[in-house]
>>> print(open('target-v4.txt').read())   # compact mmCIF, C-alpha atoms
# COMPACT_ATOMS: atom_id res chain seq x y z
CA GLN D 1 -125.95 -59.35 -33.87
CA VAL D 2 -127.22 -57.41 -30.89
CA MET D 3 -124.00 -58.00 -28.98
CA ALA D 4 -122.08 -56.35 -31.82
CA LEU D 5 -124.08 -53.16 -31.27
CA ALA D 6 -124.53 -53.48 -27.52
CA PRO D 7 -121.65 -55.53 -26.10
CA ASP D 8 -122.62 -54.33 -22.63
CA LEU D 9 -125.71 -56.57 -22.54
CA PRO D 10 -124.05 -58.85 -19.95
CA VAL D 11 -123.88 -55.81 -17.65
CA LEU D 12 -127.67 -55.53 -17.88
CA GLY D 13 -128.08 -59.25 -17.29
CA LYS D 14 -125.98 -59.11 -14.13
CA ALA D 15 -127.77 -55.96 -12.96
CA GLN D 16 -131.15 -57.64 -13.32
CA ARG D 17 -129.87 -60.63 -11.39
CA ARG D 18 -128.63 -58.39 -8.57
CA PHE D 19 -132.03 -56.64 -8.57
CA LEU D 20 -133.84 -59.97 -8.26
CA LEU D 21 -131.66 -61.23 -5.42
CA ARG D 22 -131.63 -57.91 -3.59
CA VAL D 23 -135.44 -57.61 -3.55
CA THR D 24 -135.88 -61.27 -2.64
CA ARG D 25 -133.58 -60.78 0.35
CA MET D 26 -135.34 -57.52 1.32
CA CYS D 27 -138.75 -59.21 1.30
CA ALA D 28 -137.54 -62.29 3.17
CA GLU D 29 -136.05 -60.08 5.87
CA ALA D 30 -139.39 -58.25 6.08
CA GLY D 31 -141.12 -61.56 6.89
CA ILE D 32 -142.44 -62.61 3.47
CA ASP D 33 -142.06 -66.35 3.02
CA GLN D 34 -143.84 -66.95 -0.33
CA PHE D 35 -142.13 -66.20 -3.64
CA ILE D 36 -143.46 -66.71 -7.18
CA ASP D 37 -140.86 -66.19 -9.91
CA ILE D 38 -142.86 -65.89 -13.14
CA GLY D 39 -140.83 -66.14 -16.33
CA SER D 40 -137.98 -67.64 -14.31
CA GLY D 41 -135.90 -68.84 -17.27
CA ILE D 42 -133.09 -71.39 -17.18
CA PRO D 43 -131.99 -71.73 -13.54
CA THR D 44 -128.85 -70.09 -12.24
CA ALA D 45 -127.25 -69.72 -8.83
CA PRO D 46 -127.84 -68.28 -6.39
CA ASN D 47 -131.54 -68.44 -7.12
CA VAL D 48 -134.68 -67.20 -5.38
CA HIS D 49 -135.15 -70.15 -3.04
CA GLU D 50 -131.49 -70.18 -2.02
CA THR D 51 -131.59 -66.46 -1.26
CA ALA D 52 -134.92 -66.51 0.59
CA ARG D 53 -133.99 -69.55 2.63
CA LYS D 54 -130.88 -67.91 4.00
CA THR D 55 -133.34 -65.81 5.98
CA ASN D 56 -136.18 -68.31 6.37
CA PRO D 57 -135.36 -72.00 5.70
CA LYS D 58 -139.09 -72.71 5.33
CA ALA D 59 -139.72 -70.16 2.57
CA ARG D 60 -141.89 -71.50 -0.25
CA VAL D 61 -140.93 -70.78 -3.84
CA ALA D 62 -142.47 -71.47 -7.26
CA TYR D 63 -140.52 -71.11 -10.50
CA VAL D 64 -142.91 -70.58 -13.41
CA ASP D 65 -142.17 -70.52 -17.13
CA TYR D 66 -144.11 -71.35 -20.27
CA ASP D 67 -141.09 -73.06 -21.85
CA PRO D 68 -141.21 -76.82 -21.10
CA ILE D 69 -137.41 -77.02 -21.37
CA VAL D 70 -137.08 -74.52 -18.52
CA THR D 71 -139.52 -76.53 -16.44
CA VAL D 72 -137.54 -79.71 -17.04
CA HIS D 73 -134.27 -78.01 -16.03
CA ASN D 74 -135.80 -76.55 -12.87
CA SER D 75 -137.55 -79.78 -11.93
CA ALA D 76 -134.31 -81.75 -12.25
CA LEU D 77 -132.46 -79.34 -9.98
CA LEU D 78 -135.30 -79.10 -7.45
CA ARG D 79 -136.28 -82.76 -7.20
CA ASP D 80 -135.27 -82.82 -3.53
CA GLY D 81 -136.52 -79.31 -2.73
CA ASP D 82 -139.43 -79.57 -0.30
CA GLY D 83 -141.56 -76.44 -0.58
CA VAL D 84 -140.02 -75.47 -3.95
CA VAL D 85 -141.82 -76.28 -7.20
CA SER D 86 -141.29 -75.81 -10.94
CA VAL D 87 -144.45 -75.16 -12.95
CA GLU D 88 -145.14 -74.84 -16.67
CA ALA D 89 -147.63 -71.98 -17.05
CA ASP D 90 -148.08 -68.70 -18.94
CA VAL D 91 -148.10 -65.23 -17.36
CA ARG D 92 -150.89 -64.33 -19.81
CA ASP D 93 -153.23 -66.76 -18.01
CA PRO D 94 -153.31 -65.56 -14.38
CA ASP D 95 -156.20 -67.83 -13.37
CA GLY D 96 -154.57 -70.90 -14.85
CA LEU D 97 -151.18 -70.04 -13.39
CA LEU D 98 -152.34 -69.28 -9.86
CA GLY D 99 -154.81 -72.15 -9.98
CA HIS D 100 -152.18 -74.71 -11.00
CA PRO D 101 -152.36 -77.52 -8.43
CA ASP D 102 -148.69 -77.24 -7.48
CA ILE D 103 -149.08 -73.52 -6.78
CA ALA D 104 -152.54 -73.59 -5.24
CA GLY D 105 -151.41 -76.41 -2.96
CA LEU D 106 -148.27 -74.61 -1.83
CA PHE D 107 -149.28 -70.96 -1.43
CA ASP D 108 -151.73 -69.18 0.83
CA PHE D 109 -152.86 -66.12 -1.12
CA ASP D 110 -154.44 -64.67 2.02
CA ARG D 111 -150.86 -63.98 3.18
CA PRO D 112 -148.23 -61.69 1.62
CA ALA D 113 -146.08 -62.95 -1.23
CA LEU D 114 -143.45 -61.56 -3.58
CA PHE D 115 -144.34 -61.80 -7.26
CA LEU D 116 -141.27 -61.55 -9.51
CA PHE D 117 -141.67 -60.43 -13.13
CA VAL D 118 -138.03 -59.86 -14.04
CA GLY D 119 -137.16 -59.31 -17.70
CA LEU D 120 -140.60 -60.57 -18.69
CA PHE D 121 -143.10 -57.96 -19.86
CA HIS D 122 -141.08 -56.83 -22.88
CA LEU D 123 -142.07 -60.28 -24.19
CA VAL D 124 -145.79 -59.48 -23.72
CA SER D 125 -147.32 -57.38 -26.49
CA ASP D 126 -149.57 -54.38 -26.04
CA ASP D 127 -152.43 -56.42 -27.53
CA GLU D 128 -151.99 -58.85 -24.64
CA ASP D 129 -152.44 -55.96 -22.17
CA PRO D 130 -149.58 -56.36 -19.68
CA ARG D 131 -151.00 -53.66 -17.39
CA GLY D 132 -154.32 -55.49 -17.26
CA LEU D 133 -152.54 -58.76 -16.53
CA ILE D 134 -150.65 -57.23 -13.62
CA ALA D 135 -153.93 -55.85 -12.26
CA ARG D 136 -155.38 -59.37 -12.27
CA TYR D 137 -152.42 -60.65 -10.28
CA ARG D 138 -152.76 -57.70 -7.92
CA GLU D 139 -156.38 -58.66 -7.22
CA ARG D 140 -155.18 -62.02 -5.91
CA MET D 141 -152.43 -60.55 -3.72
CA ALA D 142 -152.89 -60.11 0.02
CA PRO D 143 -152.07 -56.74 1.58
CA GLY D 144 -148.34 -56.51 2.22
CA SER D 145 -147.50 -58.40 -0.96
CA HIS D 146 -144.79 -57.03 -3.23
CA VAL D 147 -144.33 -57.05 -6.99
CA MET D 148 -141.05 -56.50 -8.80
CA ILE D 149 -140.89 -55.72 -12.51
CA SER D 150 -138.12 -55.03 -15.00
CA GLN D 151 -138.30 -54.65 -18.76
CA PHE D 152 -136.48 -53.04 -21.70
CA CYS D 153 -137.12 -49.31 -21.83
CA THR D 154 -137.07 -46.82 -24.72
CA ASP D 155 -135.77 -43.95 -22.57
CA GLY D 156 -132.03 -43.67 -23.13
CA SER D 157 -131.70 -46.81 -25.26
CA ASP D 158 -129.45 -46.52 -28.30
CA PRO D 159 -131.81 -46.51 -31.35
CA ALA D 160 -129.60 -48.79 -33.45
CA ALA D 161 -129.22 -51.41 -30.72
CA LYS D 162 -132.95 -51.23 -29.93
CA ALA D 163 -133.89 -51.62 -33.60
CA LYS D 164 -131.58 -54.62 -34.02
CA LEU D 165 -133.00 -56.38 -30.97
CA GLU D 166 -136.53 -55.78 -32.26
CA GLU D 167 -135.55 -56.93 -35.75
CA ILE D 168 -134.05 -60.26 -34.76
CA SER D 169 -136.97 -61.07 -32.42
CA VAL D 170 -139.74 -60.20 -34.88
CA ASN D 171 -140.31 -63.80 -35.99
CA SER D 172 -139.93 -65.31 -32.53
CA PRO D 173 -142.93 -66.50 -30.48
CA SER D 174 -142.53 -63.37 -28.31
CA PRO D 175 -141.23 -60.34 -30.26
CA MET D 176 -139.42 -57.74 -28.19
CA CYS D 177 -141.52 -54.79 -27.01
CA PHE D 178 -139.67 -51.76 -25.64
CA ARG D 179 -141.79 -49.29 -23.63
CA PRO D 180 -141.26 -45.76 -22.29
CA ARG D 181 -140.56 -45.43 -18.59
CA THR D 182 -143.87 -43.60 -18.02
CA GLU D 183 -145.76 -46.58 -19.41
CA ILE D 184 -143.76 -49.05 -17.32
CA ALA D 185 -144.51 -46.93 -14.24
CA ARG D 186 -148.23 -47.45 -14.89
CA PHE D 187 -147.69 -51.18 -14.39
CA PHE D 188 -147.52 -50.27 -10.70
CA ASP D 189 -151.00 -48.72 -10.57
CA GLY D 190 -152.62 -49.80 -7.31
CA PHE D 191 -149.26 -50.34 -5.60
CA GLU D 192 -147.11 -48.11 -3.45
CA VAL D 193 -143.90 -47.73 -5.46
CA LEU D 194 -140.86 -48.15 -3.23
CA GLU D 195 -137.82 -45.88 -3.41
CA PRO D 196 -135.92 -45.20 -5.61
CA GLY D 197 -138.91 -45.59 -7.94
CA VAL D 198 -138.92 -46.88 -11.50
CA VAL D 199 -135.29 -46.38 -12.50
CA ASP D 200 -132.54 -47.97 -14.60
CA VAL D 201 -132.07 -51.43 -13.15
CA GLN D 202 -128.45 -50.63 -12.26
CA ASP D 203 -129.74 -47.81 -10.03
CA TRP D 204 -132.16 -49.87 -7.92
CA TRP D 205 -130.35 -50.02 -4.57
CA PRO D 206 -126.92 -50.26 -6.20
CA ASP D 207 -124.23 -51.94 -4.12
CA GLU D 208 -121.56 -51.28 -6.71
CA SER D 209 -121.09 -48.92 -9.63
CA ALA D 210 -121.99 -50.14 -13.12
CA PRO D 211 -121.00 -48.59 -16.44
CA PRO D 212 -123.68 -46.98 -18.64
CA THR D 213 -125.27 -49.29 -21.19
CA LYS D 214 -126.53 -48.74 -24.74
CA LEU D 215 -129.77 -50.52 -23.95
CA LYS D 216 -131.83 -49.61 -20.89
CA VAL D 217 -133.92 -51.75 -18.56
CA ALA D 218 -136.34 -50.00 -16.21
CA ALA D 219 -137.03 -51.65 -12.85
CA GLY D 220 -139.22 -51.01 -9.85
CA VAL D 221 -140.88 -52.57 -6.81
CA GLY D 222 -144.43 -52.04 -5.61
CA LYS D 223 -146.20 -52.92 -2.36
CA LYS D 224 -149.91 -53.61 -2.03
CA ALA D 225 -151.41 -51.65 0.85
>>> encode(input="target-v4.txt", output="C-alpha cells")
Amino acid sequence: QVMALAPDLPVLGKAQRRFLLRVTRMCAEAGIDQFIDIGSGIPTAPNVHETARKTNPKARVAYVDYDPIVTVHNSALLRDGDGVVSVEADVRDPDGLLGHPDIAGLFDFDRPALFLFVGLFHLVSDDEDPRGLIARYRERMAPGSHVMISQFCTDGSDPAAKAKLEEISVNSPSPMCFRPRTEIARFFDGFEVLEPGVVDVQDWWPDESAPPTKLKVAAGVGKKA
C-alpha cells in the first residue's frame, strides 16, 4: 500500500545502506575497530563487518536486534566469524544490551566505538524517550566514539504517503513515528555533529546523484569529544 503512494522507497533503502557503509568505512579508516549495529535487521551484503575488515581484519562487530528471527539469520551466517557476534537485545534496554555477555566480552568501552542506529528510532515512540535512550548510550561511549542515526522525517515528506505508512503500522509492535528534523537533530545533544549535518540521507556524503523521494529520511553522524 505504501509502495503505491511512494514507489521510490527502494531509493531510500539503498541510500540508507550507502550511508551505513560509508560511515563504517570512514570510522574504520580513522582507527575505530569496534562496531555495534543496533537494529541490524535481516543481514545483507556487504555488511558492517565485511566493510570494516577491509580496513582492519581484526575489527570487532556486534549485530543486535530484538527480533529472534533476525538473530537466527545472523548467527547462521556468522557461525565462523571470530570477533563478530549476533545478539538478541532491545535498544530500549541500554544496560541489558551493553551488558549482554557476548557484547561485554567482546568490546572494550574504554576505547572508541561506532554505534549504528540506522532506520531504527522511528520505531521507538516518544513515550519511550529515544533522546534519553541515546544519552544513556552516550554515557557509556569513550571519547572519540561515533554515533550514526537515520529515521523517517516529517520535513518534506508527502503527507499522503506518510499517513499511509503510519496507518498500516498502527497495529504493529512498533508503530511508525515520523519526527521533524529539528527534533532528530536533538538526538545528537552531547555530540559534535559532523558535516554535512542532519540532512536527507541521500545528501550525506553522496557519491552519486539520487532522485527526490516522496518520503524523507534524515541522517547524521556525531562524535563524542
>>> closest_atom_pairs(input="target-v4.txt", of="range 130-151 of chain D", to="range 82-106 of chain D", cutoff="10 Å", atoms="all atoms listed in the file", output="CSV")
residue,atom,partner,partner_atom,distance
D:Pro130,CA,D:Arg92,CA,8.1
D:Gly132,CA,D:Arg92,CA,9.8
D:Leu133,CA,D:Arg92,CA,6.7
D:Ile134,CA,D:Pro94,CA,8.8
D:Ala135,CA,D:Pro94,CA,10.0
D:Arg136,CA,D:Pro94,CA,6.9
D:Tyr137,CA,D:Pro94,CA,6.5
D:Arg140,CA,D:Leu98,CA,8.7
>>> write_last_selection(input="target-v4.txt", atoms="C-alpha atoms", output="PDB file, in the coordinates of the input")
ATOM      1  CA  PRO D 130    -149.580 -56.360 -19.680  1.00  0.00           C
ATOM      2  CA  GLY D 132    -154.320 -55.490 -17.260  1.00  0.00           C
ATOM      3  CA  LEU D 133    -152.540 -58.760 -16.530  1.00  0.00           C
ATOM      4  CA  ILE D 134    -150.650 -57.230 -13.620  1.00  0.00           C
ATOM      5  CA  ALA D 135    -153.930 -55.850 -12.260  1.00  0.00           C
ATOM      6  CA  ARG D 136    -155.380 -59.370 -12.270  1.00  0.00           C
ATOM      7  CA  TYR D 137    -152.420 -60.650 -10.280  1.00  0.00           C
ATOM      8  CA  ARG D 140    -155.180 -62.020  -5.910  1.00  0.00           C
TER       9      ARG D 140
END
>>> residues_near_point(input="target-v4.txt", point="(-139.7, -46.0, -8.4)", cutoff="9 Å", atoms="all atoms listed in the file", output="PyMOL selection string")
chain D and resi 185+193-199+204+219-222
>>> atom_distance(input="target-v4.txt", atom1="CA of Asp203 in chain D", atom2="CA of Gln151 in chain D")
14.0 Å
>>> atom_distance(input="target-v4.txt", atom1="CA of Ile38 in chain D", atom2="CA of Ser172 in chain D")
19.6 Å
>>> atom_distance(input="target-v4.txt", atom1="CA of Asp127 in chain D", atom2="CA of Glu167 in chain D")
18.8 Å
>>> closest_residue(input="target-v4.txt", among="D:Val124, D:Leu114, D:Ala15, D:Ala210", to="Asp33 in chain D", atoms="all atoms listed in the file")
D:Leu114
>>> residues_near_point(input="target-v4.txt", point="(-133.3, -52.0, -33.8)", cutoff="12 Å", atoms="all atoms listed in the file", output="PyMOL selection string")
chain D and resi 1-2+5-6+154+157-170+176-178+214-215
>>> closest_residue(input="target-v4.txt", among="D:Lys223, D:Gln202, D:Pro211, D:Lys216", to="Gly190 in chain D", atoms="all atoms listed in the file")
D:Lys223
>>> axis_aligned_box(input="target-v4.txt", around="range 95-106 of chain D", padding_each_side="3 Å", output="lines of an AutoDock Vina configuration file")
center_x = -152.2
center_y = -72.7
center_z = -8.3
size_x = 13.9
size_y = 15.7
size_z = 19.0
>>> closest_residue(input="target-v4.txt", among="D:Lys224, D:Pro68, D:Ala4, D:Arg22", to="Pro206 in chain D", atoms="only C-alpha atoms")
D:Arg22
>>> closest_residue(input="target-v4.txt", among="D:Val70, D:Ala52, D:Cys153, D:Leu78", to="Val23 in chain D", atoms="only C-alpha atoms")
D:Ala52
>>> closest_residue(input="target-v4.txt", among="D:Glu183, D:Leu12, D:Gln34, D:Ala76", to="Asp200 in chain D", atoms="only C-alpha atoms")
D:Leu12
>>> closest_residue(input="target-v4.txt", among="D:Ser174, D:Thr44, D:Phe187, D:Glu50", to="Asp129 in chain D", atoms="only C-alpha atoms")
D:Phe187
>>> decode(input="target-v4.txt", residues="range 16-29 of chain D", atoms="N, CA, C and O atoms", output="compact mmCIF listing (two decimals), in the first residue's frame")
# COMPACT_ATOMS: atom_id res chain seq x y z
N GLN D 16 20.08 4.58 2.57
CA GLN D 16 20.45 4.28 3.96
C GLN D 16 21.57 3.26 4.02
O GLN D 16 22.45 3.33 4.88
N ARG D 17 21.55 2.31 3.10
CA ARG D 17 22.61 1.31 3.09
C ARG D 17 23.95 1.96 2.73
O ARG D 17 25.00 1.66 3.33
N ARG D 18 23.93 2.86 1.75
CA ARG D 18 25.17 3.55 1.39
C ARG D 18 25.68 4.38 2.56
O ARG D 18 26.88 4.45 2.83
N PHE D 19 24.76 5.04 3.28
CA PHE D 19 25.11 5.82 4.46
C PHE D 19 25.80 4.94 5.49
O PHE D 19 26.87 5.28 6.02
N LEU D 20 25.22 3.79 5.78
CA LEU D 20 25.78 2.87 6.76
C LEU D 20 27.19 2.44 6.37
O LEU D 20 28.12 2.48 7.19
N LEU D 21 27.36 2.02 5.13
CA LEU D 21 28.66 1.52 4.69
C LEU D 21 29.70 2.63 4.62
O LEU D 21 30.87 2.43 4.96
N ARG D 22 29.27 3.80 4.19
CA ARG D 22 30.18 4.94 4.06
C ARG D 22 30.73 5.34 5.42
O ARG D 22 31.94 5.57 5.58
N VAL D 23 29.86 5.43 6.43
CA VAL D 23 30.30 5.86 7.76
C VAL D 23 31.12 4.76 8.42
O VAL D 23 32.11 5.04 9.12
N THR D 24 30.74 3.50 8.21
CA THR D 24 31.55 2.41 8.73
C THR D 24 32.96 2.48 8.18
O THR D 24 33.95 2.36 8.92
N ARG D 25 33.09 2.68 6.89
CA ARG D 25 34.41 2.77 6.26
C ARG D 25 35.18 3.98 6.80
O ARG D 25 36.38 3.88 7.11
N MET D 26 34.50 5.12 6.92
CA MET D 26 35.13 6.34 7.44
C MET D 26 35.70 6.10 8.83
O MET D 26 36.85 6.48 9.13
N CYS D 27 34.92 5.45 9.70
CA CYS D 27 35.37 5.23 11.07
C CYS D 27 36.50 4.21 11.13
O CYS D 27 37.45 4.36 11.90
N ALA D 28 36.41 3.16 10.32
CA ALA D 28 37.48 2.17 10.28
C ALA D 28 38.79 2.81 9.83
O ALA D 28 39.86 2.55 10.41
N GLU D 29 38.71 3.67 8.84
CA GLU D 29 39.92 4.33 8.34
C GLU D 29 40.47 5.32 9.36
O GLU D 29 41.67 5.63 9.34
